[in-house]
$ cat target12.cif   # mmCIF, C-alpha atoms
data_coords
#
loop_
_atom_site.label_atom_id
_atom_site.label_comp_id
_atom_site.auth_asym_id
_atom_site.auth_seq_id
_atom_site.Cartn_x
_atom_site.Cartn_y
_atom_site.Cartn_z
CA MET A 646 -23.55 -24.75 60.44
CA THR A 647 -22.11 -27.12 63.04
CA PRO A 648 -20.15 -25.21 65.68
CA ARG A 649 -16.42 -25.78 65.47
CA PRO A 650 -14.87 -27.97 68.17
CA GLN A 651 -12.69 -26.43 70.85
CA PRO A 652 -9.19 -25.50 69.67
CA ALA A 653 -6.41 -27.96 70.46
CA PRO A 654 -4.93 -27.64 73.96
CA VAL A 655 -1.61 -25.86 74.35
CA PRO A 656 1.08 -28.56 74.06
CA GLY A 657 2.42 -29.53 77.45
CA SER A 658 -0.49 -27.93 79.34
CA ALA A 659 -2.66 -29.91 81.80
CA ALA A 660 -5.41 -30.19 79.18
CA ASP A 661 -2.92 -31.74 76.78
CA ARG A 662 -2.37 -34.85 78.97
CA PRO A 663 -3.85 -37.97 77.44
CA ARG A 664 -6.89 -39.34 79.20
CA ARG A 665 -5.85 -41.74 81.99
CA HIS A 666 -6.87 -45.35 81.55
CA THR A 667 -9.35 -46.23 84.29
CA GLY A 668 -10.73 -49.70 83.46
CA PRO A 669 -9.03 -53.08 83.82
CA THR A 670 -6.01 -54.07 81.72
CA PRO A 671 -7.09 -54.96 78.16
CA ARG A 672 -7.33 -58.71 77.63
CA THR A 673 -8.21 -58.84 73.97
CA GLU A 674 -6.84 -57.18 70.86
CA ALA A 675 -10.19 -55.41 70.43
CA GLU A 676 -9.67 -53.82 73.84
CA VAL A 677 -6.17 -52.68 72.83
CA TRP A 678 -7.67 -51.09 69.71
CA ALA A 679 -10.14 -49.29 71.99
CA VAL A 680 -7.20 -47.78 73.91
CA LEU A 681 -5.53 -46.73 70.65
CA ARG A 682 -8.75 -45.07 69.47
CA GLN A 683 -8.42 -42.63 72.38
CA ILE A 684 -5.01 -41.33 71.24
CA PRO A 685 -5.27 -38.04 69.31
CA ASP A 686 -3.08 -37.19 66.34
CA PRO A 687 -0.62 -34.58 67.71
CA GLU A 688 -0.96 -32.27 64.67
CA ILE A 689 -4.72 -32.59 64.17
CA PRO A 690 -6.03 -33.54 67.62
CA VAL A 691 -9.68 -33.84 66.52
CA ILE A 692 -8.88 -37.15 64.86
CA SER A 693 -7.37 -40.19 66.53
CA ILE A 694 -4.41 -42.18 65.24
CA THR A 695 -6.84 -44.97 64.28
CA ASP A 696 -8.98 -42.48 62.29
CA LEU A 697 -5.77 -41.50 60.51
CA GLY A 698 -5.26 -45.14 59.52
CA ILE A 699 -1.66 -45.43 60.62
CA VAL A 700 -2.13 -48.43 62.96
CA ARG A 701 -1.47 -51.47 60.78
CA SER A 702 -1.86 -54.29 63.27
CA VAL A 703 -2.18 -55.15 66.94
CA THR A 704 -1.24 -58.45 68.53
CA LEU A 705 -1.60 -59.20 72.21
CA THR A 706 0.45 -61.98 73.82
CA GLY A 707 -0.16 -62.00 77.57
CA ARG A 708 0.67 -58.42 78.56
CA VAL A 709 2.86 -57.70 75.56
CA ALA A 710 1.04 -55.54 73.04
CA ARG A 711 2.79 -55.40 69.68
CA VAL A 712 1.61 -52.44 67.60
CA THR A 713 2.72 -51.82 64.02
CA ILE A 714 2.40 -48.29 62.68
CA THR A 715 2.97 -46.77 59.24
CA PRO A 716 4.22 -43.17 59.16
CA THR A 717 2.25 -40.73 56.97
CA TYR A 718 5.18 -38.79 55.45
CA SER A 719 8.78 -39.96 55.74
CA GLY A 720 9.88 -36.74 57.40
CA CYS A 721 6.75 -36.23 59.51
CA PRO A 722 7.95 -34.82 62.84
CA ALA A 723 4.80 -36.12 64.56
CA THR A 724 5.88 -39.76 64.13
CA GLY A 725 8.06 -39.68 67.25
CA ALA A 726 5.31 -38.01 69.30
CA ILE A 727 2.79 -40.61 68.14
CA SER A 728 5.05 -43.52 69.11
CA LEU A 729 5.60 -42.00 72.53
CA ALA A 730 1.85 -41.43 73.02
CA ILE A 731 1.12 -45.07 72.15
CA GLU A 732 3.78 -46.34 74.53
CA LEU A 733 2.50 -44.14 77.35
CA ALA A 734 -1.16 -45.08 76.78
CA LEU A 735 -0.48 -48.82 76.68
CA ALA A 736 1.86 -48.73 79.67
CA ASP A 737 -0.79 -46.75 81.53
CA ALA A 738 -3.29 -49.51 80.72
CA GLY A 739 -0.95 -52.07 82.29
CA LEU A 740 0.52 -53.48 79.08
CA ARG A 741 4.08 -53.79 77.83
CA PRO A 742 4.15 -51.98 74.46
CA VAL A 743 6.40 -53.09 71.60
CA LEU A 744 6.29 -50.72 68.64
CA GLU A 745 7.24 -51.57 65.10
CA THR A 746 7.35 -49.37 62.03
CA GLN A 747 6.27 -50.67 58.67
CA ILE A 748 6.75 -48.42 55.63
CA ASP A 749 5.59 -50.88 52.97
CA PRO A 750 2.91 -50.68 51.65
CA PRO A 751 3.16 -46.91 52.05
CA TRP A 752 0.45 -45.03 53.93
CA THR A 753 -2.27 -43.55 51.77
CA THR A 754 -5.06 -41.12 52.54
CA ASP A 755 -7.46 -43.91 51.46
CA TRP A 756 -6.81 -45.35 54.93
CA LEU A 757 -8.45 -42.36 56.65
CA SER A 758 -11.65 -43.62 58.23
CA ALA A 759 -15.03 -42.21 57.15
CA GLU A 760 -15.41 -40.90 60.68
CA GLY A 761 -11.97 -39.28 60.45
CA ARG A 762 -12.94 -37.52 57.21
CA ALA A 763 -16.12 -36.17 58.79
CA LYS A 764 -14.17 -34.98 61.84
CA LEU A 765 -11.61 -33.20 59.64
CA ARG A 766 -14.34 -31.35 57.76
CA ARG A 767 -16.02 -30.26 61.00
CA TYR A 768 -12.65 -28.98 62.24
CA GLY A 769 -12.25 -26.83 59.12
CA ILE A 770 -9.85 -29.06 57.14
CA ALA A 771 -11.08 -30.27 53.73
CA PRO A 772 -10.59 -34.06 53.64
CA PRO A 773 -8.51 -35.67 50.84
CA HIS A 774 -10.21 -36.15 47.51
CA ALA A 775 -8.72 -37.46 44.26
CA ALA A 776 -9.52 -34.28 42.34
CA GLY A 777 -8.65 -31.86 45.15
CA PRO A 778 -11.05 -30.41 47.74
CA ASP A 779 -14.64 -30.32 46.53
CA ALA A 780 -15.95 -27.52 48.74
CA CYS A 781 -15.08 -25.04 51.46
CA PRO A 782 -15.23 -26.92 54.79
CA ARG A 783 -16.79 -23.84 56.46
CA CYS A 784 -19.52 -22.65 54.08
CA SER A 785 -19.63 -25.59 51.61
CA SER A 786 -19.17 -23.31 48.60
CA PRO A 787 -17.42 -24.95 45.62
CA ASN A 788 -15.93 -21.54 44.74
CA ILE A 789 -12.44 -22.26 46.04
CA ARG A 790 -8.82 -21.86 44.88
CA ARG A 791 -5.41 -23.11 45.88
CA VAL A 792 -3.07 -20.61 47.53
CA SER A 793 -0.05 -22.88 47.98
CA GLN A 794 0.90 -26.51 47.38
CA PHE A 795 2.13 -26.74 50.96
CA GLY A 796 0.39 -25.73 54.16
CA SER A 797 1.09 -25.72 57.88
CA THR A 798 2.23 -29.37 57.87
CA PRO A 799 3.64 -31.66 55.14
CA CYS A 800 0.25 -33.39 54.78
CA LYS A 801 -1.72 -30.22 54.01
CA SER A 802 -1.93 -27.52 51.34
CA ALA A 803 -3.31 -23.99 51.72
CA TRP A 804 -6.60 -23.00 50.02
CA GLN A 805 -9.00 -20.09 50.10
CA CYS A 806 -12.77 -19.91 49.70
CA ASP A 807 -13.87 -17.06 47.42
CA ALA A 808 -17.44 -17.18 48.82
CA CYS A 809 -16.81 -16.74 52.57
CA LEU A 810 -13.23 -15.46 51.94
CA GLU A 811 -11.83 -17.69 54.68
CA PRO A 812 -8.56 -19.55 54.16
CA PHE A 813 -8.61 -23.27 54.91
CA ASP A 814 -6.30 -26.27 55.00
CA TYR A 815 -6.75 -29.19 52.64
CA PHE A 816 -5.50 -32.63 53.67
CA LYS A 817 -3.61 -33.63 50.51
CA CYS A 818 -4.45 -36.83 48.69
CA HIS A 819 -1.38 -39.02 49.05
CA MET B 263 32.57 -50.59 50.94
CA SER B 264 30.18 -53.04 49.27
CA ASP B 265 28.34 -51.97 46.12
CA LEU B 266 25.02 -52.03 48.02
CA VAL B 267 26.36 -49.71 50.74
CA THR B 268 27.79 -47.32 48.15
CA TYR B 269 24.54 -47.34 46.21
CA LEU B 270 22.41 -46.64 49.31
CA THR B 271 24.87 -43.96 50.46
CA ARG B 272 24.53 -42.19 47.10
CA LEU B 273 20.74 -42.18 47.39
CA GLY B 274 20.86 -40.95 50.98
CA ASP B 275 23.54 -38.31 50.32
CA ASN B 276 21.50 -36.90 47.42
CA THR B 277 18.46 -36.37 49.62
CA LEU B 278 20.55 -35.18 52.58
CA VAL B 279 22.49 -32.55 50.65
CA LEU B 280 19.48 -31.21 48.75
CA GLY B 281 17.36 -31.38 51.92
CA HIS B 282 19.93 -29.31 53.79
CA ARG B 283 20.29 -26.80 50.95
CA LEU B 284 16.50 -26.28 50.86
CA SER B 285 16.39 -25.91 54.64
CA GLU B 286 18.82 -22.98 54.30
CA TRP B 287 15.82 -21.04 52.94
CA CYS B 288 13.89 -21.45 56.18
CA GLY B 289 12.74 -17.97 57.26
CA ARG B 290 14.13 -16.38 54.06
CA GLY B 291 11.61 -17.45 51.39
CA PRO B 292 10.36 -14.76 49.01
CA ALA B 293 6.79 -15.32 50.29
CA LEU B 294 5.40 -17.12 53.32
CA GLU B 295 3.90 -19.91 51.20
CA GLU B 296 7.17 -20.49 49.38
CA ASP B 297 9.09 -20.50 52.63
CA ILE B 298 6.79 -23.18 54.05
CA ALA B 299 6.87 -25.16 50.82
CA LEU B 300 10.67 -25.24 50.74
CA ALA B 301 10.82 -26.27 54.40
CA ASN B 302 8.25 -29.03 53.83
CA THR B 303 10.13 -30.33 50.80
CA ALA B 304 13.34 -30.31 52.83
CA LEU B 305 11.53 -32.29 55.54
CA ASP B 306 10.45 -34.95 53.04
CA LEU B 307 14.02 -35.27 51.78
CA ILE B 308 15.53 -35.50 55.27
CA GLY B 309 12.94 -38.18 56.12
CA GLN B 310 14.00 -40.14 53.06
CA THR B 311 17.63 -39.66 54.09
CA GLN B 312 16.91 -41.35 57.42
CA MET B 313 15.58 -44.39 55.58
CA TRP B 314 18.38 -44.62 52.97
CA LEU B 315 21.29 -43.90 55.31
CA GLY B 316 19.67 -46.05 58.02
CA TYR B 317 19.71 -48.96 55.60
CA ALA B 318 23.25 -48.09 54.42
CA ALA B 319 24.49 -48.09 58.03
CA GLU B 320 22.88 -51.48 58.71
CA ALA B 321 24.21 -52.99 55.48
CA GLU B 322 27.67 -51.67 56.33
CA ALA B 323 27.47 -53.43 59.75
CA LYS B 324 30.11 -51.29 61.46
CA GLY B 325 27.83 -50.20 64.28
CA ARG B 326 27.19 -46.76 62.77
CA THR B 327 23.77 -45.09 62.52
CA ALA B 328 22.18 -42.79 59.92
CA ASP B 329 23.14 -39.84 62.15
CA ASP B 330 26.77 -40.99 62.28
CA LEU B 331 26.89 -41.15 58.50
CA ALA B 332 25.21 -37.76 58.04
CA MET B 333 27.10 -35.86 60.70
CA GLY B 334 30.40 -37.71 61.06
CA ARG B 335 31.71 -38.05 57.53
CA ASP B 336 33.83 -35.48 55.73
CA VAL B 337 33.58 -34.21 52.15
CA TRP B 338 35.51 -37.05 50.49
CA ASP B 339 33.14 -39.65 51.92
CA PHE B 340 30.01 -38.00 50.48
CA ARG B 341 28.54 -39.59 47.33
CA ASN B 342 25.91 -37.03 46.25
CA LEU B 343 25.56 -35.55 42.77
CA LEU B 344 27.51 -32.30 42.27
CA LEU B 345 24.31 -30.56 41.12
CA LEU B 346 22.78 -30.80 44.59
CA GLU B 347 25.65 -29.22 46.53
CA GLN B 348 25.62 -26.09 44.36
CA PRO B 349 24.73 -23.00 46.44
CA ASN B 350 21.13 -21.84 46.48
CA GLY B 351 21.75 -18.57 44.63
CA ASP B 352 18.47 -16.74 44.15
CA PHE B 353 15.04 -18.36 44.44
CA GLY B 354 15.03 -19.07 40.70
CA ARG B 355 18.29 -21.00 40.80
CA THR B 356 17.08 -23.00 43.81
CA ILE B 357 13.89 -23.95 41.95
CA MET B 358 15.80 -24.80 38.76
CA ARG B 359 18.21 -27.06 40.69
CA SER B 360 15.24 -28.89 42.27
CA PHE B 361 13.45 -29.13 38.92
CA LEU B 362 16.43 -30.73 37.14
CA PHE B 363 16.89 -33.22 39.99
CA ASP B 364 13.22 -33.93 40.84
CA HIS B 365 12.48 -35.44 37.43
CA TRP B 366 15.59 -37.64 37.58
CA HIS B 367 14.73 -38.57 41.17
CA LEU B 368 11.20 -39.53 40.19
CA LEU B 369 12.39 -41.82 37.36
CA MET B 370 15.02 -43.35 39.63
CA LEU B 371 12.54 -44.05 42.45
CA ARG B 372 9.94 -45.48 40.07
CA GLY B 373 12.60 -47.92 38.88
CA LEU B 374 13.65 -48.71 42.45
CA THR B 375 10.11 -49.69 43.45
CA GLN B 376 10.61 -52.71 41.13
CA VAL B 377 13.93 -54.00 42.55
CA SER B 378 14.20 -57.46 44.12
CA ASP B 379 15.49 -56.09 47.43
CA ALA B 380 12.27 -55.66 49.43
CA ARG B 381 13.58 -52.97 51.77
CA MET B 382 14.95 -50.83 48.96
CA ALA B 383 11.69 -51.21 47.03
CA GLY B 384 9.70 -50.30 50.16
CA ILE B 385 11.67 -47.09 50.78
CA ALA B 386 11.31 -46.14 47.11
CA ALA B 387 7.54 -46.77 47.18
CA LYS B 388 7.27 -44.41 50.16
CA ALA B 389 9.53 -41.72 48.70
CA VAL B 390 8.12 -41.76 45.17
CA LYS B 391 4.76 -40.37 46.34
CA GLU B 392 6.46 -37.38 47.94
CA VAL B 393 8.81 -36.79 45.02
CA ALA B 394 5.96 -36.86 42.48
CA TYR B 395 4.61 -33.86 44.35
CA HIS B 396 8.03 -32.14 44.38
CA ALA B 397 8.34 -32.64 40.60
CA ASP B 398 4.88 -31.16 39.97
CA ARG B 399 5.63 -28.15 42.11
CA SER B 400 9.06 -27.35 40.66
CA ALA B 401 7.75 -27.76 37.09
CA GLU B 402 4.88 -25.36 37.80
CA LEU B 403 7.29 -22.77 39.21
CA VAL B 404 9.79 -23.13 36.36
CA VAL B 405 7.01 -22.38 33.86
CA GLY B 406 5.62 -19.54 35.98
CA LEU B 407 8.98 -17.85 36.43
CA GLY B 408 10.52 -18.71 33.05
CA ASP B 409 7.48 -17.45 31.17
CA GLY B 410 7.01 -14.62 33.65
CA THR B 411 8.43 -11.11 33.70
CA GLU B 412 11.56 -10.05 31.83
CA GLU B 413 13.46 -10.16 35.12
CA SER B 414 12.21 -13.60 36.21
CA HIS B 415 12.87 -15.00 32.71
CA ARG B 416 16.44 -13.68 32.76
CA ARG B 417 17.09 -15.20 36.18
CA MET B 418 15.69 -18.60 35.17
CA GLN B 419 17.75 -18.65 31.98
CA ASP B 420 20.88 -17.71 34.00
CA ALA B 421 20.08 -20.53 36.44
CA LEU B 422 19.65 -23.08 33.63
CA ASP B 423 22.90 -21.98 31.95
CA ARG B 424 24.80 -22.20 35.20
CA LEU B 425 23.44 -25.58 36.31
CA TRP B 426 23.38 -27.34 32.93
CA PRO B 427 26.99 -28.65 33.14
CA TYR B 428 25.96 -30.53 36.31
CA VAL B 429 23.06 -32.35 34.63
CA GLY B 430 25.16 -34.96 32.82
CA GLU B 431 26.51 -36.60 36.00
CA MET B 432 23.00 -37.92 36.78
CA PHE B 433 23.15 -40.14 33.70
CA ILE B 434 26.69 -41.51 33.87
CA GLY B 435 26.75 -45.04 35.25
CA ASP B 436 29.73 -46.83 36.75
CA GLU B 437 30.59 -50.31 38.08
CA VAL B 438 28.47 -49.78 41.22
CA ASP B 439 25.40 -49.05 39.08
CA ALA B 440 26.17 -52.07 36.90
CA ALA B 441 26.52 -54.34 39.95
CA THR B 442 23.25 -53.21 41.59
CA ALA B 443 21.47 -53.45 38.26
CA ALA B 444 22.69 -57.02 37.85
CA GLU B 445 21.96 -58.05 41.43
CA PHE B 446 18.65 -56.28 42.19
CA GLY B 447 17.41 -54.93 38.86
CA ALA B 448 18.10 -51.33 39.91
CA PRO B 449 17.73 -48.73 37.13
CA VAL B 450 20.84 -47.95 35.07
CA PRO B 451 21.46 -44.16 35.01
CA ASP B 452 22.22 -44.12 31.28
CA MET B 453 18.73 -45.45 30.56
CA LEU B 454 17.08 -42.54 32.38
CA ARG B 455 18.32 -39.87 29.96
CA ALA B 456 15.69 -40.37 27.28
CA PRO B 457 12.66 -40.39 29.63
CA TRP B 458 14.18 -37.43 31.52
CA ASP B 459 14.52 -35.47 28.27
CA ASP B 460 10.92 -36.39 27.42
CA ALA B 461 9.71 -35.04 30.78
CA VAL B 462 11.95 -31.97 31.15
CA LEU B 463 12.50 -30.50 27.69
CA PRO B 464 8.81 -29.74 26.92
CA ILE B 465 8.50 -27.98 30.30
CA LEU B 466 11.60 -25.87 29.59
CA ALA B 467 10.13 -25.02 26.17
CA GLN B 468 6.84 -24.04 27.79
CA ALA B 469 8.86 -21.87 30.17
CA THR B 470 10.34 -20.14 27.07
CA LEU B 471 13.85 -21.14 28.21
CA THR B 472 16.67 -22.15 25.87
CA VAL B 473 18.52 -25.38 26.65
CA PRO B 474 22.27 -24.61 26.52
CA ASP B 475 24.45 -26.23 23.88
CA GLY B 476 27.10 -28.69 24.90
CA ALA B 477 27.17 -32.01 26.66
CA PHE B 478 30.08 -31.30 29.00
CA ALA B 479 29.40 -32.87 32.39
CA HIS B 480 31.24 -32.13 35.63
CA GLN B 481 31.86 -35.39 37.47
CA GLY B 482 33.21 -36.57 40.79
CA GLY B 483 30.26 -36.18 43.18
CA LYS B 484 28.78 -39.66 43.10
CA THR B 485 32.24 -41.25 43.18
CA GLY B 486 33.50 -38.78 45.81
CA ALA B 487 36.62 -38.16 43.71
CA ARG B 488 36.12 -34.41 43.26
CA HIS B 489 33.38 -32.50 45.03
CA THR B 490 33.02 -28.79 44.41
CA GLU B 491 34.31 -26.36 47.01
CA HIS B 492 30.74 -25.66 48.12
CA LEU B 493 30.11 -28.99 49.86
CA GLY B 494 32.80 -28.40 52.49
CA HIS B 495 31.31 -25.02 53.40
CA MET B 496 27.86 -26.59 53.64
CA LEU B 497 29.07 -29.39 55.91
CA THR B 498 30.81 -26.93 58.25
CA THR B 499 27.42 -25.42 58.99
CA MET B 500 25.44 -28.66 58.91
CA GLN B 501 27.79 -30.69 61.10
CA TRP B 502 29.06 -27.98 63.44
CA LEU B 503 26.79 -28.71 66.40
CA HIS B 504 27.24 -32.46 66.24
CA ARG B 505 31.02 -32.16 66.04
CA ALA B 506 31.34 -29.51 68.76
CA TYR B 507 29.00 -31.39 71.13
CA PRO B 508 29.16 -35.08 70.18
CA GLY B 509 25.97 -36.92 71.05
CA ALA B 510 24.03 -33.68 71.66
CA ASN B 511 20.34 -34.40 72.05
CA TRP B 512 17.08 -32.84 73.16
#
$ encode --input "target12.cif" --output "structure tokens"
Amino acid sequence: MTPRPQPAPVPGSAADRPRRHTGPTPRTEAEVWAVLRQIPDPEIPVISITDLGIVRSVTLTGRVARVTITPTYSGCPATGAISLAIELALADAGLRPVLETQIDPPWTTDWLSAEGRAKLRRYGIAPPHAAGPDACPRCSSPNIRRVSQFGSTPCKSAWQCDACLEPFDYFKCH
Amino acid sequence: MSDLVTYLTRLGDNTLVLGHRLSEWCGRGPALEEDIALANTALDLIGQTQMWLGYAAEAEAKGRTADDLAMGRDVWDFRNLLLLEQPNGDFGRTIMRSFLFDHWHLLMLRGLTQVSDARMAGIAAKAVKEVAYHADRSAELVVGLGDGTEESHRRMQDALDRLWPYVGEMFIGDEVDAATAAEFGAPVPDMLRAPWDDAVLPILAQATLTVPDGAFAHQGGKTGARHTEHLGHMLTTMQWLHRAYPGANW
């Protein structure tokens, strides 16, 4: 079994600070995307906001970086934290960030990257699947059952594995 | 107030009032999972409120924000359905209230995804995914509790009997509904009754609950003409901080 990654840093602690940008100011949209790929999701820090599929578009005009994001759930409290993290990261890279929110078409778990899904599973969260989770993310047993339709955040539900008896989160298909 | 502003305010007040009612359960749920589920549902509804009332405030063009509308209006300016301001009662009554509304809400939002106003359709497309989940969950609980123990069955039947007179208001249209239907193709409330019956009645039957006789419907919530006493008490709690410390922030 792959060892689990380190737990998320305590919010506000030194380890929680986003990585400082060291290279030159991004000159292409691809380089702006590279900066965005470094920004962790505040609720599930093992995946980045680009893995999550919430960055719709990036346009770079001189030093003005216009980033359009789509919130996951309408009441998701992480949306504000994500916007702030993007603004800080881009300003740190020497750009002037302009953020826009686009709700239509609505975000769907289909936009999670393949890499993001693999990272979720390694972290112990079953990735979204049309028919519900297929296996325990810890021991891979298919002998699992739902405990509750809602979990620790709006995007997850609570499940239990009857083989290894561990509870786990499932990222709901949305 | 233009018909569009009234219409958007009704949508936003429905989600705000039910969202606040569900949040009253926070830390008091009968089980940890139910507590979290109610809080998460409340969060979805408050998020939808921000979008509806945000649009209402912009369409109104008086310089107000969604927060101003939520926290600065008094009872007579609210346009939510009377059903939603009813007190939580026990867990069964809270679930029954959500169940009766969720299936109406789902039909309404499905219709709204088709309107010609792109922003309204966009908000509905976002909200409908969340509400489909709410409707599934409340239906599952109504069956589980209705067809449960003698005690849970009695409580669910009491809840249905008590809330039934508030069901009719969801399906009574007025000139605002007619105007938005004509202008944007928004769903007409009267047309939602048959599909709502088709969705809800079989679930109530499966829950071994008896639908009360009588079609009497309390009215006055969506027009603001006559709210029940309960809304004022709810707003005193909900708006207290904002009114005591205007502009409070963190």
$ closest_atom_pairs --input "target12.cif" --of "chain B" --to "chain A" --cutoff "12 Å" --atoms "all atoms listed in the file" --output "CSV"
residue,atom,partner,partner_atom,distance
B:Thr277,CA,A:Gly720,CA,11.6
B:Leu278,CA,A:Gly720,CA,11.8
B:Gly281,CA,A:Gly720,CA,10.7
B:Ala293,CA,A:Ser793,CA,10.5
B:Leu294,CA,A:Ser793,CA,9.6
B:Glu295,CA,A:Ser793,CA,5.9
B:Glu296,CA,A:Ser793,CA,7.7
B:Asp297,CA,A:Phe795,CA,9.5
B:Ile298,CA,A:Phe795,CA,6.6
B:Ala299,CA,A:Phe795,CA,5.0
B:Leu300,CA,A:Phe795,CA,8.7
B:Ala301,CA,A:Pro799,CA,9.0
B:Asn302,CA,A:Pro799,CA,5.5
B:Thr303,CA,A:Pro799,CA,7.9
B:Ala304,CA,A:Gly720,CA,8.6
B:Leu305,CA,A:Gly720,CA,5.1
B:Asp306,CA,A:Gly720,CA,4.7
B:Leu307,CA,A:Gly720,CA,7.1
B:Ile308,CA,A:Gly720,CA,6.2
B:Gly309,CA,A:Gly720,CA,3.6
B:Gln310,CA,A:Ser719,CA,5.9
B:Thr311,CA,A:Gly720,CA,8.9
B:Gln312,CA,A:Gly720,CA,8.4
B:Met313,CA,A:Ser719,CA,8.1
B:Trp314,CA,A:Ser719,CA,11.0
B:Thr375,CA,A:Asp749,CA,10.6
B:Ala380,CA,A:Asp749,CA,8.9
B:Arg381,CA,A:Asp749,CA,8.3
B:Met382,CA,A:Asp749,CA,10.2
B:Ala383,CA,A:Asp749,CA,8.5
B:Gly384,CA,A:Asp749,CA,5.0
B:Ile385,CA,A:Ile748,CA,7.0
B:Ala386,CA,A:Asp749,CA,9.5
B:Ala387,CA,A:Pro751,CA,6.6
B:Lys388,CA,A:Pro751,CA,5.2
B:Ala389,CA,A:Ser719,CA,7.3
B:Val390,CA,A:Pro751,CA,9.9
B:Lys391,CA,A:His819,CA,6.8
B:Glu392,CA,A:Tyr718,CA,7.7
B:Val393,CA,A:Ser719,CA,11.2
B:Ala394,CA,A:His819,CA,10.1
B:Tyr395,CA,A:Gln794,CA,8.8
B:His396,CA,A:Gln794,CA,9.6
B:Ala397,CA,A:Gln794,CA,11.8
B:Asp398,CA,A:Gln794,CA,9.6
B:Arg399,CA,A:Gln794,CA,7.3
B:Ser400,CA,A:Gln794,CA,10.6
B:Glu402,CA,A:Gln794,CA,10.4
B:Leu403,CA,A:Gln794,CA,11.0
$ atom_distance --input "target12.cif" --atom1 "CA of Lys484 (chain B)" --atom2 "CA of Arg272 (chain B)"
6.4 Å
$ atom_distance --input "target12.cif" --atom1 "CA of Trp338 (chain B)" --atom2 "CA of Arg283 (chain B)"
18.4 Å
$ residues_around --input "target12.cif" --residues "Ala763 (chain A)" --least-positions-apart "5" --cutoff "9 Å" --atoms "only C-alpha atoms" --output "ChimeraX atom specification"
/A:758,768,772
$ resolve_selection --input "target12.cif" --expression "the PyMOL selection byres ((chain A and resi 735-738) around 9)" --output "PDB file with C-alpha atoms, keeping the file's coordinate frame"
ATOM      1  CA  ARG A 665      -5.850 -41.740  81.990  1.00  0.00           C
ATOM      2  CA  HIS A 666      -6.870 -45.350  81.550  1.00  0.00           C
ATOM      3  CA  THR A 667      -9.350 -46.230  84.290  1.00  0.00           C
ATOM      4  CA  GLY A 668     -10.730 -49.700  83.460  1.00  0.00           C
ATOM      5  CA  PRO A 669      -9.030 -53.080  83.820  1.00  0.00           C
ATOM      6  CA  THR A 670      -6.010 -54.070  81.720  1.00  0.00           C
ATOM      7  CA  PRO A 671      -7.090 -54.960  78.160  1.00  0.00           C
ATOM      8  CA  VAL A 677      -6.170 -52.680  72.830  1.00  0.00           C
ATOM      9  CA  VAL A 680      -7.200 -47.780  73.910  1.00  0.00           C
ATOM     10  CA  LEU A 681      -5.530 -46.730  70.650  1.00  0.00           C
ATOM     11  CA  ALA A 710       1.040 -55.540  73.040  1.00  0.00           C
ATOM     12  CA  ALA A 730       1.850 -41.430  73.020  1.00  0.00           C
ATOM     13  CA  ILE A 731       1.120 -45.070  72.150  1.00  0.00           C
ATOM     14  CA  GLU A 732       3.780 -46.340  74.530  1.00  0.00           C
ATOM     15  CA  LEU A 733       2.500 -44.140  77.350  1.00  0.00           C
ATOM     16  CA  ALA A 734      -1.160 -45.080  76.780  1.00  0.00           C
ATOM     17  CA  GLY A 739      -0.950 -52.070  82.290  1.00  0.00           C
ATOM     18  CA  LEU A 740       0.520 -53.480  79.080  1.00  0.00           C
ATOM     19  CA  ARG A 741       4.080 -53.790  77.830  1.00  0.00           C
ATOM     20  CA  PRO A 742       4.150 -51.980  74.460  1.00  0.00           C
TER      21      PRO A 742
END
$ atom_distance --input "target12.cif" --atom1 "CA of Thr490 (chain B)" --atom2 "CA of Gln348 (chain B)"
7.9 Å
$ resolve_selection --input "target12.cif" --expression "the PyMOL selection byres ((chain A and resi 806) around 8)" --output "count of residues only"
15
$ resolve_selection --input "target12.cif" --expression "the PyMOL selection byres ((chain B and resi 468-470) around 6)" --output "PyMOL selection string"
chain B and resi 405+408-409+465-467+471
$ closest_residue --input "target12.cif" --among "A:Leu729, A:Cys818, A:Val712, A:Ile699" --to "Gly777 (chain A)" --atoms "all atoms listed in the file"
A:Cys818
$ closest_residue --input "target12.cif" --among "A:Ser785, A:Pro773, A:Pro778, A:Glu745" --to "Ala759 (chain A)" --atoms "only C-alpha atoms"
A:Pro773
$ closest_residue --input "target12.cif" --among "B:Asp420, B:Glu286, B:Glu413, B:Asp275" --to "Leu346 (chain B)" --atoms "all atoms listed in the file"
B:Asp275
$ residues_around --input "target12.cif" --residues "region 358-368 of chain B" --least-positions-apart "3" --cutoff "8 Å" --atoms "all atoms listed in the file" --output "list of chain:residue names"
B:Leu345, B:Leu346, B:Gly354, B:Arg355, B:Leu371, B:Arg372, B:Val390, B:Val393, B:Ala394, B:His396, B:Ala397, B:Ser400, B:Ala401, B:Val404, B:Met418, B:Ala421, B:Leu422, B:Leu425, B:Val429, B:Met432, B:Leu454, B:Trp458, B:Ala461, B:Val462
